[in-house]
Amino acid sequence: MPDSHRMEPGQSGQDVEQVERALELLIQGLGLDRSDPHLKDTPRRAAEAWVKELCAGLNGPQFRLTTFPSESESDSGMVALQQIPVKSLCAHHLLPILGWATVAYVPNGQLCGLSKLSRVVDHFARRPQVQERLTNQIADFLQTGLHPQGVAVQVKASHMCMELRGVNHTGLMTTSTLRGVFREDPTLREEFMQLANNGK
Ligand SMILES: [Zn+2]
């Protein structure tokens with residue numbers, strides 16, 4: 001189990017009541033009709049969604065990165081998972097970032113369950129984020145937890161802050177990070193990039 005808490009950007013504790021009050025102010029500030037029955041429970045309902053789901057990653061990892069020894073004597077091939085959903089929020093506008101990640105590593109004697117790769121992505125996505133930081137945090141976490149020969153992460157996502165405001169433009173942002181053998185070995189890097197780009 002890596003010392004994952006050290007990598008948390010700032011766990012100051014979440015306060016549902018305070019978020020609820022902020023959402024009441026938002027509704028007020030927008031000049032909405034407070035007597036609209038559809039808005040009656042919105043601050044509470046939305047506060048719970050923010051704290052328990054959209055920002056669930058701030059509560060620390062809800063899983064353990066359990067590892068088990070790899071069967072093969074020489075680990076040279078990569079283990080990869082494609083099309084991992086990325087559901088995040090942009091730290092600059094608090095609007096959704098939606099996309100997919102491809103995560104791969106070349107083991108160094110230790111493997112983790114494939115579903116853990118999805119959980120690592122979700123853990124770092126479920127909070128206000130910056131896509132580049134998300135990509136690096138996923139790689140750092142796997143580096144610390146698995147000590148692999150290399151790790152590679154690619155995230156492709158659309159940012160609602162770009163689609164709904166500003167340029168009002170649809171676009172896919174791609175970020176990637178390559179560590180260890182993925183950086184050193186062009187064949188492996190190519191293999192990863194093909195997987196990542198064919199995924200979605
Ligand atoms: Zn933004």
# chains A, B, ... in the order shown; residues from 1 in each chain; ligands from 1
>>> closest_atom_pairs(of="chain A", to="ligand 1", cutoff="9 Å", atoms="only C-alpha atoms and all ligand atoms", output="CSV")
residue,atom,partner,partner_atom_place_in_ligand_line,distance
A:Leu89,CA,ligand 1,1 (Zn),8.0
A:Cys90,CA,ligand 1,1 (Zn),4.7
A:Ala91,CA,ligand 1,1 (Zn),6.4
A:His92,CA,ligand 1,1 (Zn),4.5
A:His93,CA,ligand 1,1 (Zn),4.4
A:Leu94,CA,ligand 1,1 (Zn),6.7
A:Leu95,CA,ligand 1,1 (Zn),6.4
A:Pro96,CA,ligand 1,1 (Zn),8.3
A:Ile97,CA,ligand 1,1 (Zn),8.4
A:Val130,CA,ligand 1,1 (Zn),8.3
A:His159,CA,ligand 1,1 (Zn),6.7
A:Met160,CA,ligand 1,1 (Zn),7.3
A:Cys161,CA,ligand 1,1 (Zn),4.5
A:Met162,CA,ligand 1,1 (Zn),6.7
>>> residues_around(residues="segment 23-25 of chain A", least_positions_apart="3", cutoff="10 Å", atoms="only C-alpha atoms", output="number ranges by chain")
A: 17-20, 28-31, 34, 39-47
>>> closest_residue(among="A:Pro128, A:Phe63, A:Thr174, A:Arg179", to="Asn197 of chain A", atoms="only C-alpha atoms")
A:Thr174
>>> select_by_dssp(residues="segment 28-117 of chain A", states="alpha helix (DSSP H)", output="PyMOL selection string")
chain A and resi 28-29+42-48+114-117
>>> closest_residue(among="A:Glu163, A:Leu178, A:Asn59, A:Val120", to="Glu190 of chain A", atoms="only C-alpha atoms")
A:Leu178
>>> residues_around(residues="Leu134 of chain A", least_positions_apart="6", cutoff="9 Å", atoms="only C-alpha atoms", output="PyMOL selection string")
chain A and resi 121+124-125+155
>>> residues_around(residues="Met78 of chain A", least_positions_apart="5", cutoff="8 Å", atoms="only C-alpha atoms", output="CSV table (one decimal) with N, CA, C and O atoms, in the first residue's frame")
chain,number,residue,atom,x,y,z
A,104,ALA,N,-1.2,2.1,-18.6
A,104,ALA,CA,-0.4,0.9,-18.8
A,104,ALA,C,0.8,0.9,-17.9
A,104,ALA,O,1.3,1.9,-17.5
A,105,TYR,N,1.3,-0.3,-17.6
A,105,TYR,CA,2.6,-0.4,-16.9
A,105,TYR,C,3.3,-1.7,-17.3
A,105,TYR,O,2.6,-2.6,-17.8
A,106,VAL,N,4.6,-1.7,-17.1
A,106,VAL,CA,5.4,-2.9,-17.4
A,106,VAL,C,5.8,-3.4,-16.0
A,106,VAL,O,6.5,-2.6,-15.3
A,107,PRO,N,5.3,-4.5,-15.6
A,107,PRO,CA,5.6,-4.9,-14.2
A,107,PRO,C,7.1,-5.2,-13.9
A,107,PRO,O,7.9,-5.4,-14.8
>>> closest_atom_pairs(of="segment 28-85 of chain A", to="segment 191-195 of chain A", cutoff="12 Å", atoms="only C-alpha atoms", output="tab-separated table")
residue	atom	partner	partner_atom	distance
A:Gly77	CA	A:Glu191	CA	10.3
A:Met78	CA	A:Phe192	CA	8.5
A:Val79	CA	A:Phe192	CA	9.9
A:Ala80	CA	A:Phe192	CA	8.2
A:Leu81	CA	A:Leu195	CA	9.1
A:Gln82	CA	A:Leu195	CA	7.4
A:Gln83	CA	A:Leu195	CA	10.0
>>> write_last_selection(atoms="N, CA, C and O atoms", output="tab-separated table (two decimals), in the first residue's frame")
chain	number	residue	atom	x	y	z
A	77	GLY	N	6.41	-7.43	-21.01
A	77	GLY	CA	5.23	-6.94	-21.70
A	77	GLY	C	4.45	-5.99	-20.82
A	77	GLY	O	4.58	-5.98	-19.61
A	78	MET	N	3.65	-5.15	-21.48
A	78	MET	CA	2.87	-4.20	-20.69
A	78	MET	C	1.49	-4.76	-20.35
A	78	MET	O	0.95	-5.63	-21.02
A	79	VAL	N	0.98	-4.26	-19.25
A	79	VAL	CA	-0.39	-4.54	-18.83
A	79	VAL	C	-1.12	-3.23	-19.05
A	79	VAL	O	-0.68	-2.19	-18.55
A	80	ALA	N	-2.21	-3.26	-19.82
A	80	ALA	CA	-2.88	-1.99	-20.14
A	80	ALA	C	-4.39	-2.10	-19.99
A	80	ALA	O	-4.96	-3.16	-20.17
A	81	LEU	N	-4.99	-0.99	-19.66
A	81	LEU	CA	-6.44	-0.90	-19.63
A	81	LEU	C	-6.84	0.35	-20.40
A	81	LEU	O	-6.33	1.44	-20.14
A	82	GLN	N	-7.76	0.15	-21.35
A	82	GLN	CA	-8.21	1.27	-22.20
A	82	GLN	C	-9.61	1.70	-21.80
A	82	GLN	O	-10.33	0.96	-21.12
A	83	GLN	N	-10.00	2.85	-22.31
A	83	GLN	CA	-11.37	3.35	-22.16
A	83	GLN	C	-11.85	3.40	-20.72
A	83	GLN	O	-12.98	3.04	-20.41
